[in-house]
file structure.txt (compact mmCIF, C-alpha atoms)
# COMPACT_ATOMS: atom_id res chain seq x y z
CA MET R 742 -81.04 7.93 38.97
CA ASN R 743 -81.91 11.64 38.70
CA LYS R 744 -83.72 13.77 41.27
CA ILE R 745 -85.50 17.00 40.31
CA HIS R 746 -86.90 19.15 43.11
CA VAL R 747 -90.22 20.91 42.57
CA SER R 748 -90.85 23.98 44.73
CA ALA R 749 -94.53 24.84 44.66
CA SER R 750 -95.98 27.27 47.19
CA THR R 751 -98.28 24.61 48.67
CA LYS R 752 -95.86 21.69 48.68
CA GLU R 753 -92.28 20.79 47.80
CA TYR R 754 -91.45 17.35 46.46
CA ASP R 755 -88.99 15.39 44.36
CA VAL R 756 -89.33 13.75 40.99
CA ILE R 757 -87.16 10.62 40.82
CA VAL R 758 -86.25 9.44 37.32
CA GLY R 759 -84.46 6.16 36.68
CA ALA R 760 -84.63 2.65 35.28
CA GLY R 761 -85.97 -0.25 37.35
CA LEU R 762 -87.16 1.83 40.31
CA ASP R 763 -88.33 -0.02 43.42
CA TYR R 764 -91.51 1.86 44.29
CA GLY R 765 -91.87 0.38 47.76
CA THR R 766 -88.34 1.22 48.88
CA LEU R 767 -88.61 4.78 47.57
CA LEU R 768 -92.00 5.39 49.17
CA LYS R 769 -90.94 3.95 52.54
CA GLU R 770 -88.09 6.50 52.65
CA LEU R 771 -90.70 9.23 52.31
CA HIS R 772 -93.77 7.98 54.20
CA ALA R 773 -94.39 5.55 57.06
CA PRO R 774 -96.21 2.34 55.99
CA CYS R 775 -99.95 2.90 55.79
CA LYS R 776 -102.93 1.82 53.74
CA LEU R 777 -102.68 2.55 50.00
CA MET R 778 -105.21 2.60 47.19
CA VAL R 779 -103.39 1.92 43.91
CA VAL R 780 -105.38 3.42 41.04
CA SER R 781 -104.70 2.17 37.52
CA ASP R 782 -106.38 1.36 34.23
CA ASP R 783 -106.89 -2.17 32.92
CA THR R 784 -104.09 -1.94 30.32
CA VAL R 785 -101.42 -0.61 32.66
CA PHE R 786 -102.45 -2.85 35.54
CA SER R 787 -102.17 -5.98 33.39
CA LEU R 788 -98.58 -4.99 32.54
CA HIS R 789 -97.25 -3.47 35.75
CA GLY R 790 -99.83 -3.82 38.52
CA GLU R 791 -98.75 -7.07 40.13
CA LYS R 792 -95.08 -6.08 40.38
CA ALA R 793 -95.88 -2.60 41.70
CA ILE R 794 -98.25 -3.90 44.36
CA GLN R 795 -95.76 -6.57 45.46
CA SER R 796 -93.05 -3.93 45.82
CA LEU R 797 -95.33 -1.76 47.96
CA ARG R 798 -96.45 -4.69 50.12
CA ASP R 799 -92.87 -5.84 50.63
CA ALA R 800 -92.15 -2.36 52.01
CA GLY R 801 -94.93 -2.77 54.57
CA PHE R 802 -97.82 -0.94 52.90
CA GLU R 803 -101.31 -2.42 53.09
CA THR R 804 -102.33 -2.20 49.45
CA LYS R 805 -105.77 -2.10 47.82
CA GLN R 806 -106.51 -1.50 44.15
CA PHE R 807 -109.00 0.28 41.89
CA VAL R 808 -108.81 -0.53 38.18
CA PHE R 809 -110.95 1.15 35.52
CA PRO R 810 -111.26 0.86 31.71
CA HIS R 811 -108.41 2.63 29.92
CA GLY R 812 -108.88 5.76 27.84
CA GLU R 813 -109.91 9.41 28.11
CA LYS R 814 -113.59 8.43 28.13
CA SER R 815 -113.09 7.06 31.67
CA LYS R 816 -111.77 10.37 33.01
CA ASN R 817 -115.13 11.55 34.29
CA LEU R 818 -117.06 12.25 37.47
CA GLN R 819 -118.75 8.85 37.44
CA VAL R 820 -115.45 6.92 37.57
CA ALA R 821 -114.09 9.34 40.18
CA GLU R 822 -117.19 8.73 42.28
CA SER R 823 -116.77 4.95 41.98
CA LEU R 824 -113.17 5.29 43.13
CA MET R 825 -114.11 7.34 46.18
CA ILE R 826 -116.95 4.99 47.12
CA GLN R 827 -114.48 2.09 47.06
CA MET R 828 -112.06 4.14 49.14
CA ILE R 829 -114.74 4.47 51.83
CA GLU R 830 -115.51 0.76 51.63
CA GLU R 831 -111.82 -0.11 52.01
CA GLY R 832 -111.46 2.19 55.01
CA ILE R 833 -109.10 4.67 53.38
CA THR R 834 -108.56 7.64 55.70
CA LYS R 835 -107.04 11.09 55.37
CA THR R 836 -103.68 9.83 56.64
CA ASP R 837 -103.47 7.08 53.99
CA LEU R 838 -102.27 7.47 50.40
CA LEU R 839 -103.58 7.26 46.87
CA VAL R 840 -101.10 5.98 44.28
CA ALA R 841 -101.55 6.72 40.57
CA LEU R 842 -100.00 3.96 38.46
CA GLY R 843 -100.43 4.83 34.81
CA GLY R 844 -100.55 7.57 32.23
CA GLY R 845 -102.14 10.99 32.23
CA VAL R 846 -105.74 9.83 32.58
CA VAL R 847 -104.88 7.77 35.66
CA GLY R 848 -102.81 10.56 37.19
CA ASP R 849 -105.41 13.26 36.55
CA LEU R 850 -108.29 11.21 37.94
CA THR R 851 -106.33 10.01 40.99
CA GLY R 852 -105.10 13.50 41.76
CA PHE R 853 -108.62 14.88 41.46
CA ALA R 854 -109.96 12.27 43.90
CA ALA R 855 -107.10 13.03 46.30
CA SER R 856 -107.89 16.74 46.14
CA VAL R 857 -111.52 16.35 47.20
CA PHE R 858 -111.76 13.12 49.24
CA LEU R 859 -112.12 14.09 52.91
CA ARG R 860 -111.29 17.63 51.72
CA GLY R 861 -107.86 16.55 50.58
CA MET R 862 -105.32 13.76 51.10
CA ASP R 863 -101.82 12.93 49.87
CA PHE R 864 -101.07 11.02 46.70
CA VAL R 865 -98.09 9.75 44.72
CA GLN R 866 -97.59 9.70 40.96
CA LEU R 867 -96.05 6.61 39.30
CA PRO R 868 -96.14 7.63 35.61
CA THR R 869 -95.84 4.74 33.15
CA THR R 870 -95.98 6.75 29.91
CA LEU R 871 -93.55 9.31 28.52
CA LEU R 872 -96.45 11.78 28.27
CA ALA R 873 -97.30 11.52 31.96
CA ALA R 874 -93.64 11.59 32.96
CA VAL R 875 -92.79 14.83 31.18
CA ASP R 876 -96.06 16.63 31.74
CA SER R 877 -99.16 15.63 33.69
CA SER R 878 -97.51 13.92 36.68
CA VAL R 879 -95.72 17.15 37.66
CA GLY R 880 -97.23 20.49 38.61
CA GLY R 881 -100.37 19.62 40.54
CA LYS R 882 -103.06 20.05 37.90
CA THR R 883 -105.79 17.46 38.47
CA ALA R 884 -109.08 17.16 36.62
CA VAL R 885 -111.83 15.11 35.04
CA ASP R 886 -113.74 15.85 31.84
CA LEU R 887 -117.34 16.84 31.21
CA PRO R 888 -119.19 15.69 28.06
CA ASN R 889 -118.67 19.09 26.44
CA GLY R 890 -115.16 19.90 27.58
CA LYS R 891 -111.81 18.45 28.65
CA ASN R 892 -110.48 19.01 32.19
CA MET R 893 -113.44 21.20 33.14
CA VAL R 894 -113.69 20.00 36.76
CA GLY R 895 -110.49 19.96 38.76
CA ALA R 896 -108.20 21.41 41.38
CA PHE R 897 -104.56 22.25 41.99
CA HIS R 898 -103.22 19.50 44.25
CA GLN R 899 -99.53 18.63 44.27
CA PRO R 900 -98.35 15.02 44.79
CA ILE R 901 -95.92 14.24 47.59
CA ALA R 902 -93.59 12.50 45.12
CA VAL R 903 -93.25 11.37 41.53
CA PHE R 904 -91.37 8.13 40.80
CA CYS R 905 -90.72 7.73 37.07
CA ASP R 906 -89.39 4.32 36.02
CA THR R 907 -88.21 4.73 32.43
CA ASP R 908 -88.22 0.95 31.96
CA LYS R 909 -92.03 1.23 31.76
CA PHE R 910 -91.69 3.06 28.43
CA LYS R 911 -90.47 -0.19 26.82
CA THR R 912 -94.02 -1.55 26.88
CA LEU R 913 -95.57 1.50 25.17
CA PRO R 914 -97.14 1.16 21.71
CA LYS R 915 -95.57 3.43 19.10
CA ASN R 916 -98.49 5.88 19.05
CA ILE R 917 -98.55 6.23 22.85
CA TYR R 918 -94.80 6.89 23.01
CA ALA R 919 -95.28 9.49 20.25
CA GLU R 920 -97.78 11.34 22.47
CA GLY R 921 -95.01 11.89 25.00
CA MET R 922 -92.71 13.13 22.27
CA ALA R 923 -95.31 15.77 21.36
CA GLU R 924 -95.18 17.25 24.86
CA SER R 925 -91.37 16.96 24.90
CA ILE R 926 -91.12 18.84 21.60
CA LYS R 927 -93.42 21.45 23.15
CA TYR R 928 -90.89 22.18 25.89
CA GLY R 929 -88.23 22.77 23.27
CA LEU R 930 -90.47 25.10 21.29
CA ILE R 931 -91.57 27.21 24.24
CA TYR R 932 -88.46 27.31 26.41
CA ASP R 933 -85.33 25.52 25.22
CA ALA R 934 -84.11 25.63 21.61
CA GLU R 935 -81.17 23.38 22.57
CA LEU R 936 -83.58 20.67 23.76
CA PHE R 937 -85.51 21.01 20.49
CA GLU R 938 -82.26 20.53 18.56
CA GLN R 939 -81.37 17.42 20.61
CA ILE R 940 -84.77 15.93 19.80
CA LYS R 941 -84.36 16.91 16.16
CA VAL R 942 -81.08 14.98 15.81
CA HIS R 943 -82.13 12.14 18.16
CA GLU R 944 -79.28 12.78 20.61
CA ILE R 945 -81.06 12.46 23.96
CA SER R 946 -81.98 9.43 26.06
CA ASP R 947 -85.40 8.87 27.61
CA ALA R 948 -84.00 9.55 31.09
CA ASP R 949 -82.32 12.80 30.04
CA LEU R 950 -85.40 13.85 28.08
CA VAL R 951 -87.66 13.38 31.11
CA LYS R 952 -85.15 15.12 33.37
CA ARG R 953 -84.91 18.23 31.20
CA CYS R 954 -88.66 18.48 30.58
CA VAL R 955 -89.39 18.14 34.29
CA GLU R 956 -86.75 20.78 35.10
CA ILE R 957 -88.46 23.20 32.72
CA LYS R 958 -91.90 22.48 34.11
CA ALA R 959 -90.64 22.82 37.69
CA GLU R 960 -89.18 26.25 36.85
CA VAL R 961 -92.45 27.43 35.32
CA VAL R 962 -94.63 26.02 38.11
CA ALA R 963 -92.45 27.64 40.78
CA LYS R 964 -93.23 31.03 39.20
CA ASP R 965 -96.97 30.45 38.77
CA GLU R 966 -98.37 27.42 40.60
CA PHE R 967 -102.02 28.40 40.13
CA ASP R 968 -101.86 29.17 36.42
CA LYS R 969 -102.52 32.91 36.66
CA GLY R 970 -100.20 33.94 33.82
CA PRO R 971 -96.64 32.70 33.11
CA ARG R 972 -97.66 29.03 33.40
CA HIS R 973 -100.00 29.51 30.45
CA ILE R 974 -97.05 28.95 28.11
CA LEU R 975 -97.27 25.24 28.97
CA ASN R 976 -100.55 25.23 27.04
CA PHE R 977 -98.78 25.74 23.72
CA GLY R 978 -100.69 23.72 21.13
CA HIS R 979 -103.36 22.78 23.65
CA THR R 980 -106.22 25.12 22.73
CA LEU R 981 -106.46 23.67 19.24
CA GLY R 982 -105.26 20.27 20.45
CA HIS R 983 -108.12 19.95 22.94
CA ALA R 984 -110.54 20.91 20.17
CA VAL R 985 -109.21 18.10 17.99
CA GLU R 986 -109.50 15.63 20.87
CA THR R 987 -113.05 16.69 21.72
CA LEU R 988 -114.32 16.67 18.13
CA SER R 989 -112.85 13.18 17.65
CA GLU R 990 -114.70 12.03 20.79
CA TYR R 991 -111.23 11.26 22.19
CA ASN R 992 -110.37 8.77 19.46
CA ILE R 993 -107.43 11.07 18.73
CA GLY R 994 -104.93 11.11 21.59
CA HIS R 995 -103.83 14.13 23.58
CA GLY R 996 -100.32 14.15 22.16
CA GLN R 997 -101.57 13.88 18.59
CA GLY R 998 -103.99 16.76 19.19
CA VAL R 999 -101.25 18.93 20.71
CA ALA R 1000 -98.96 18.12 17.77
CA VAL R 1001 -101.60 19.41 15.35
CA GLY R 1002 -102.11 22.50 17.51
CA MET R 1003 -98.39 23.30 17.55
CA ALA R 1004 -97.99 22.64 13.83
CA VAL R 1005 -100.87 24.93 12.88
CA VAL R 1006 -99.83 27.94 14.95
CA CYS R 1007 -96.20 27.55 13.91
CA ALA R 1008 -97.24 27.42 10.25
CA ALA R 1009 -99.34 30.55 10.78
CA LEU R 1010 -96.68 32.67 12.49
CA LEU R 1011 -93.13 31.36 12.05
CA SER R 1012 -90.87 31.80 9.04
CA GLU R 1013 -91.11 29.25 6.27
CA GLU R 1014 -87.75 27.76 7.29
CA GLU R 1015 -88.63 27.39 10.97
CA THR R 1016 -92.08 26.05 10.13
CA GLU R 1017 -90.55 23.39 7.91
CA THR R 1018 -88.17 22.41 10.72
CA VAL R 1019 -91.01 22.09 13.24
CA LEU R 1020 -93.18 20.07 10.86
CA ASP R 1021 -90.28 17.74 10.03
CA VAL R 1022 -89.52 17.10 13.72
CA LEU R 1023 -93.18 16.33 14.45
CA LYS R 1024 -93.54 14.01 11.46
CA ASN R 1025 -90.22 12.29 12.23
CA ASN R 1026 -91.63 11.47 15.66
CA ASP R 1027 -94.76 9.86 14.16
CA LEU R 1028 -97.01 12.83 14.91
CA PRO R 1029 -99.70 14.44 12.74
CA VAL R 1030 -99.43 18.06 11.60
CA LYS R 1031 -102.95 18.71 10.23
CA THR R 1032 -106.57 17.84 10.80
CA GLU R 1033 -109.64 17.40 8.62
CA PHE R 1034 -112.07 18.80 11.19
CA ASP R 1035 -114.11 21.82 10.14
CA LEU R 1036 -112.28 25.12 10.67
CA HIS R 1037 -115.26 26.86 12.28
CA GLU R 1038 -115.94 23.94 14.63
CA LEU R 1039 -112.30 23.93 15.70
CA ALA R 1040 -112.45 27.63 16.53
CA LEU R 1041 -115.78 27.39 18.36
CA GLN R 1042 -114.39 24.69 20.67
CA ALA R 1043 -112.30 27.46 22.22
CA LYS R 1044 -115.50 28.71 23.85
CA ALA R 1045 -115.24 25.74 26.23
CA ASP R 1046 -111.55 26.37 26.93
CA LYS R 1047 -110.54 27.12 30.53
CA LYS R 1048 -108.42 30.07 29.35
CA ARG R 1049 -111.46 31.90 27.98
CA HIS R 1050 -112.46 35.10 29.77
CA GLY R 1051 -115.47 36.98 28.46
CA ASP R 1052 -115.33 37.14 24.68
CA LEU R 1053 -111.57 36.53 24.57
CA ILE R 1054 -109.47 33.38 24.66
CA ARG R 1055 -105.83 33.41 25.78
CA VAL R 1056 -103.67 31.51 23.32
CA VAL R 1057 -99.95 30.71 23.23
CA LEU R 1058 -98.25 31.73 19.99
CA PRO R 1059 -94.69 31.14 18.74
CA LYS R 1060 -92.17 33.95 18.31
CA THR R 1061 -89.29 31.68 17.27
CA ILE R 1062 -88.13 28.17 18.15
CA GLY R 1063 -87.55 28.33 21.91
CA GLU R 1064 -89.75 31.36 22.63
CA VAL R 1065 -93.50 32.00 22.72
CA PHE R 1066 -95.85 34.79 23.80
CA LEU R 1067 -99.38 35.02 25.19
CA LYS R 1068 -102.15 36.85 23.39
CA ASP R 1069 -105.84 37.40 24.08
CA VAL R 1070 -107.82 36.97 20.87
CA THR R 1071 -111.44 36.85 19.81
CA ILE R 1072 -112.90 33.63 18.41
CA GLU R 1073 -112.83 35.27 14.98
CA GLU R 1074 -109.14 36.15 15.32
CA TRP R 1075 -108.41 32.61 16.53
CA GLU R 1076 -110.24 31.19 13.51
CA ASN R 1077 -108.11 33.35 11.22
CA ILE R 1078 -104.90 32.04 12.81
CA ILE R 1079 -106.08 28.45 12.40
CA ARG R 1080 -107.09 29.12 8.79
CA LYS R 1081 -103.71 30.60 7.92
CA GLY R 1082 -101.85 27.70 9.53
CA LEU R 1083 -103.93 24.98 7.90
CA GLU R 1084 -103.68 26.62 4.46
CA SER R 1085 -99.90 26.89 4.85
CA ILE R 1086 -99.56 23.22 5.77
CA ARG R 1087 -101.81 22.04 2.97
call {"tool": "encode", "arguments": {"input": "structure.txt", "output": "structure tokens"}}
result
Amino acid sequence: MNKIHVSASTKEYDVIVGAGLDYGTLLKELHAPCKLMVVSDDTVFSLHGEKAIQSLRDAGFETKQFVFPHGEKSKNLQVAESLMIQMIEEGITKTDLLVALGGGVVGDLTGFAASVFLRGMDFVQLPTTLLAAVDSSVGGKTAVDLPNGKNMVGAFHQPIAVFCDTDKFKTLPKNIYAEGMAESIKYGLIYDAELFEQIKVHEISDADLVKRCVEIKAEVVAKDEFDKGPRHILNFGHTLGHAVETLSEYNIGHGQGVAVGMAVVCAALLSEEETETVLDVLKNNDLPVKTEFDLHELALQAKADKKRHGDLIRVVLPKTIGEVFLKDVTIEEWENIIRKGLESIR
């Protein structure tokens, strides 16, 4: 079992990574028994809900549950409102806990509710996907989507703990596991060429992969918890990736969108040799490297991006494998970068 400490300015907490974690025992070491609302989606709850709730109840926690339809389309204000109404009905108070059991959608929505319910309460992340484990469960970004933009309503609200049971990854469909690999590859591209090489040659276990990715994210978050500058590098591939997701009406997953985003900017700016290496690693991990969406539409989606300020959009661009830089570009400049990358890949 590995423990990674996250030092954010508003809260410090540990990320526990291991196989077969007993959620109830771990939580009882951290927090006195209280009332819990376990939030999950219907797919995850059918696989892991009963065992998780039993573990929490055995540890003395009074456990309620809120289960919603799986998928990005449920990450909205209406579902968040339904959750909070049920929290009131179940008598959840500020001193109780929310528990997010699931992937990124579950974690984002639960964290958002925790950030605003009674002006803020504690919550715990129990990521069940590789994507959530290496990315969204750590760092305190919480949000829901609006019809015309992803993660447009949210807050920074750190969990009090993250318990990542890598055994849960065994139930993941191939495409969902691949989404987590996209974010893992991202960490190698932006920060750690050695990690990228380990992924390239398939010489890293799930537990070690999660551990290293979380260590990187913890380092970045410690420098810039509220996403004012340095933390922007974690958005590598995301500006274009979010556009792909939105244009597909979320039928294309987050990881697949980010993979396309990384592939395109790498093809636009890296050497031919490095580009080929990046594309091969993405494809070998069952990830797409191009999109058929209209070039102009892809660029215009940046207007709804959270990193836009005035007429400029801040994008993350590759310098070499393991290093990136930030640049403020116009929509026209962004369209030119996308065009160059797509033409290179095709």
call {"tool": "residues_around", "arguments": {"input": "structure.txt", "residues": "Gln827 (chain R)", "least_positions_apart": "2", "cutoff": "12 Å", "atoms": "all atoms listed in the file", "output": "list in words"}}
result
Met778, Val779, Val780, Lys805, Gln806, Phe807, Val808, Val820, Ala821, Glu822, Ser823, Leu824, Met825, Ile829, Glu830, Glu831, Gly832, Ile833, Thr834, Ala854 and Phe858 of chain R
call {"tool": "closest_atom_pairs", "arguments": {"input": "structure.txt", "of": "region 933-1032 of chain R", "to": "region 1058-1065 of chain R", "cutoff": "7 Å", "atoms": "only C-alpha atoms", "output": "Markdown table"}}
result
| residue | atom | partner | partner_atom | distance |
| --- | --- | --- | --- | --- |
| R:Asp933 | CA | R:Gly1063 | CA | 4.9 |
| R:Ala934 | CA | R:Gly1063 | CA | 4.4 |
| R:Val1006 | CA | R:Leu1058 | CA | 6.5 |
| R:Cys1007 | CA | R:Pro1059 | CA | 6.2 |
| R:Leu1010 | CA | R:Pro1059 | CA | 6.7 |
| R:Leu1011 | CA | R:Thr1061 | CA | 6.5 |
call {"tool": "residues_around", "arguments": {"input": "structure.txt", "residues": "Glu791 (chain R)", "least_positions_apart": "3", "cutoff": "12 Å", "atoms": "all atoms listed in the file", "output": "VMD selection string"}}
result
chain R and resid 779 781 783 785 to 788 794 to 798 804 to 806 842
call {"tool": "closest_residue", "arguments": {"input": "structure.txt", "among": "R:Val747, R:Gln819, R:Met922, R:Phe802", "to": "His943 (chain R)", "atoms": "only C-alpha atoms"}}
result
R:Met922
call {"tool": "atom_distance", "arguments": {"input": "structure.txt", "atom1": "CA of Gly845 (chain R)", "atom2": "CA of Thr766 (chain R)"}}
result
23.7 Å
call {"tool": "residues_around", "arguments": {"input": "structure.txt", "residues": "Asn992 (chain R)", "least_positions_apart": "3", "cutoff": "10 Å", "atoms": "all atoms listed in the file", "output": "short mmCIF file (atom, residue, chain, number, x, y, z; two decimals) with C-alpha atoms, in the frame of the given file"}}
result
data_model
loop_
_atom_site.label_atom_id
_atom_site.label_comp_id
_atom_site.auth_asym_id
_atom_site.auth_seq_id
_atom_site.Cartn_x
_atom_site.Cartn_y
_atom_site.Cartn_z
CA GLY R 812 -108.88 5.76 27.84
CA GLU R 813 -109.91 9.41 28.11
CA LYS R 814 -113.59 8.43 28.13
CA VAL R 985 -109.21 18.10 17.99
CA GLU R 986 -109.50 15.63 20.87
CA THR R 987 -113.05 16.69 21.72
CA LEU R 988 -114.32 16.67 18.13
CA SER R 989 -112.85 13.18 17.65
CA HIS R 995 -103.83 14.13 23.58
#
call {"tool": "atom_distance", "arguments": {"input": "structure.txt", "atom1": "CA of Asp1027 (chain R)", "atom2": "CA of Gln939 (chain R)"}}
result
16.7 Å
call {"tool": "residues_around", "arguments": {"input": "structure.txt", "residues": "Ala760 (chain R)", "least_positions_apart": "4", "cutoff": "9 Å", "atoms": "all atoms listed in the file", "output": "list of chain:residue names"}}
result
R:Met742, R:Cys905, R:Asp906, R:Thr907, R:Asp908, R:Lys909, R:Ala948
call {"tool": "closest_residue", "arguments": {"input": "structure.txt", "among": "R:Glu1033, R:Glu803, R:Asp1052, R:Glu935", "to": "Ala773 (chain R)", "atoms": "all atoms listed in the file"}}
result
R:Glu803
call {"tool": "atom_distance", "arguments": {"input": "structure.txt", "atom1": "CA of Val955 (chain R)", "atom2": "CA of Leu859 (chain R)"}}
result
29.7 Å
call {"tool": "closest_residue", "arguments": {"input": "structure.txt", "among": "R:Ser815, R:Ser856, R:Asn1077, R:Gln866", "to": "Val756 (chain R)", "atoms": "all atoms listed in the file"}}
result
R:Gln866
call {"tool": "residues_around", "arguments": {"input": "structure.txt", "residues": "Lys969 (chain R)", "least_positions_apart": "5", "cutoff": "12 Å", "atoms": "all atoms listed in the file", "output": "count of residues only"}}
result
7
call {"tool": "closest_atom_pairs", "arguments": {"input": "structure.txt", "of": "region 764-809 of chain R", "to": "region 898-902 of chain R", "cutoff": "10 Å", "atoms": "all atoms listed in the file", "output": "Markdown table"}}
result
| residue | atom | partner | partner_atom | distance |
| --- | --- | --- | --- | --- |
| R:Leu767 | CA | R:Ala902 | CA | 9.5 |
| R:Leu768 | CA | R:Ala902 | CA | 8.3 |
| R:Leu771 | CA | R:Ala902 | CA | 8.4 |
| R:His772 | CA | R:Ile901 | CA | 9.4 |
call {"tool": "axis_aligned_box", "arguments": {"input": "structure.txt", "around": "region 786-792 of chain R", "padding_each_side": "3 Å", "output": "JSON"}}
result
{"center_x": -98.8, "center_y": -5.0, "center_z": 36.5, "size_x": 13.4, "size_y": 10.2, "size_z": 13.8}
call {"tool": "build_atoms", "arguments": {"input": "structure.txt", "residues": "region 839-863 of chain R", "atoms": "N, CA and C atoms", "output": "mmCIF file, keeping the file's coordinate frame"}}
result
data_model
loop_
_atom_site.group_PDB
_atom_site.id
_atom_site.type_symbol
_atom_site.label_atom_id
_atom_site.label_comp_id
_atom_site.auth_asym_id
_atom_site.auth_seq_id
_atom_site.Cartn_x
_atom_site.Cartn_y
_atom_site.Cartn_z
ATOM 1 N N LEU R 839 -103.182 7.740 48.190
ATOM 2 C CA LEU R 839 -103.580 7.260 46.870
ATOM 3 C C LEU R 839 -102.314 7.179 46.019
ATOM 4 N N VAL R 840 -102.254 6.174 45.150
ATOM 5 C CA VAL R 840 -101.100 5.980 44.280
ATOM 6 C C VAL R 840 -101.595 5.843 42.846
ATOM 7 N N ALA R 841 -101.148 6.743 41.977
ATOM 8 C CA ALA R 841 -101.550 6.720 40.570
ATOM 9 C C ALA R 841 -100.515 5.967 39.761
ATOM 10 N N LEU R 842 -100.892 4.783 39.281
ATOM 11 C CA LEU R 842 -100.000 3.960 38.460
ATOM 12 C C LEU R 842 -100.538 3.961 37.037
ATOM 13 N N GLY R 843 -99.936 4.790 36.176
ATOM 14 C CA GLY R 843 -100.430 4.830 34.810
ATOM 15 C C GLY R 843 -100.047 6.097 34.086
ATOM 16 N N GLY R 844 -100.801 6.391 33.034
ATOM 17 C CA GLY R 844 -100.550 7.570 32.230
ATOM 18 C C GLY R 844 -101.320 8.776 32.725
ATOM 19 N N GLY R 845 -101.537 9.745 31.835
ATOM 20 C CA GLY R 845 -102.140 10.990 32.230
ATOM 21 C C GLY R 845 -103.557 10.888 32.731
ATOM 22 N N VAL R 846 -104.351 10.001 32.127
ATOM 23 C CA VAL R 846 -105.740 9.830 32.580
ATOM 24 C C VAL R 846 -105.769 9.328 34.013
ATOM 25 N N VAL R 847 -104.944 8.327 34.309
ATOM 26 C CA VAL R 847 -104.880 7.770 35.660
ATOM 27 C C VAL R 847 -104.403 8.834 36.653
ATOM 28 N N GLY R 848 -103.351 9.550 36.287
ATOM 29 C CA GLY R 848 -102.810 10.560 37.190
ATOM 30 C C GLY R 848 -103.783 11.700 37.448
ATOM 31 N N ASP R 849 -104.450 12.169 36.384
ATOM 32 C CA ASP R 849 -105.410 13.260 36.550
ATOM 33 C C ASP R 849 -106.579 12.855 37.433
ATOM 34 N N LEU R 850 -107.124 11.669 37.177
ATOM 35 C CA LEU R 850 -108.290 11.210 37.940
ATOM 36 C C LEU R 850 -107.922 10.934 39.393
ATOM 37 N N THR R 851 -106.773 10.298 39.613
ATOM 38 C CA THR R 851 -106.330 10.010 40.990
ATOM 39 C C THR R 851 -106.065 11.288 41.760
ATOM 40 N N GLY R 852 -105.385 12.227 41.107
ATOM 41 C CA GLY R 852 -105.100 13.500 41.760
ATOM 42 C C GLY R 852 -106.363 14.265 42.100
ATOM 43 N N PHE R 853 -107.350 14.205 41.188
ATOM 44 C CA PHE R 853 -108.620 14.880 41.460
ATOM 45 C C PHE R 853 -109.296 14.263 42.687
ATOM 46 N N ALA R 854 -109.349 12.932 42.740
ATOM 47 C CA ALA R 854 -109.960 12.270 43.900
ATOM 48 C C ALA R 854 -109.210 12.641 45.181
ATOM 49 N N ALA R 855 -107.882 12.668 45.112
ATOM 50 C CA ALA R 855 -107.100 13.030 46.300
ATOM 51 C C ALA R 855 -107.365 14.463 46.736
ATOM 52 N N SER R 856 -107.673 15.335 45.799
ATOM 53 C CA SER R 856 -107.890 16.740 46.140
ATOM 54 C C SER R 856 -109.211 16.986 46.846
ATOM 55 N N VAL R 857 -110.187 16.104 46.631
ATOM 56 C CA VAL R 857 -111.520 16.350 47.200
ATOM 57 C C VAL R 857 -111.945 15.331 48.259
ATOM 58 N N PHE R 858 -111.358 14.140 48.272
ATOM 59 C CA PHE R 858 -111.760 13.120 49.240
ATOM 60 C C PHE R 858 -111.372 13.567 50.648
ATOM 61 N N LEU R 859 -112.335 13.616 51.545
ATOM 62 C CA LEU R 859 -112.120 14.090 52.910
ATOM 63 C C LEU R 859 -111.463 15.481 52.922
ATOM 64 N N ARG R 860 -111.817 16.269 51.914
ATOM 65 C CA ARG R 860 -111.290 17.630 51.720
ATOM 66 C C ARG R 860 -109.789 17.660 51.477
ATOM 67 N N GLY R 861 -109.256 16.550 51.000
ATOM 68 C CA GLY R 861 -107.860 16.550 50.580
ATOM 69 C C GLY R 861 -106.999 15.542 51.304
ATOM 70 N N MET R 862 -106.256 14.731 50.538
ATOM 71 C CA MET R 862 -105.320 13.760 51.100
ATOM 72 C C MET R 862 -104.112 13.677 50.179
ATOM 73 N N ASP R 863 -103.049 13.031 50.644
ATOM 74 C CA ASP R 863 -101.820 12.930 49.870
ATOM 75 C C ASP R 863 -101.919 11.838 48.804
#
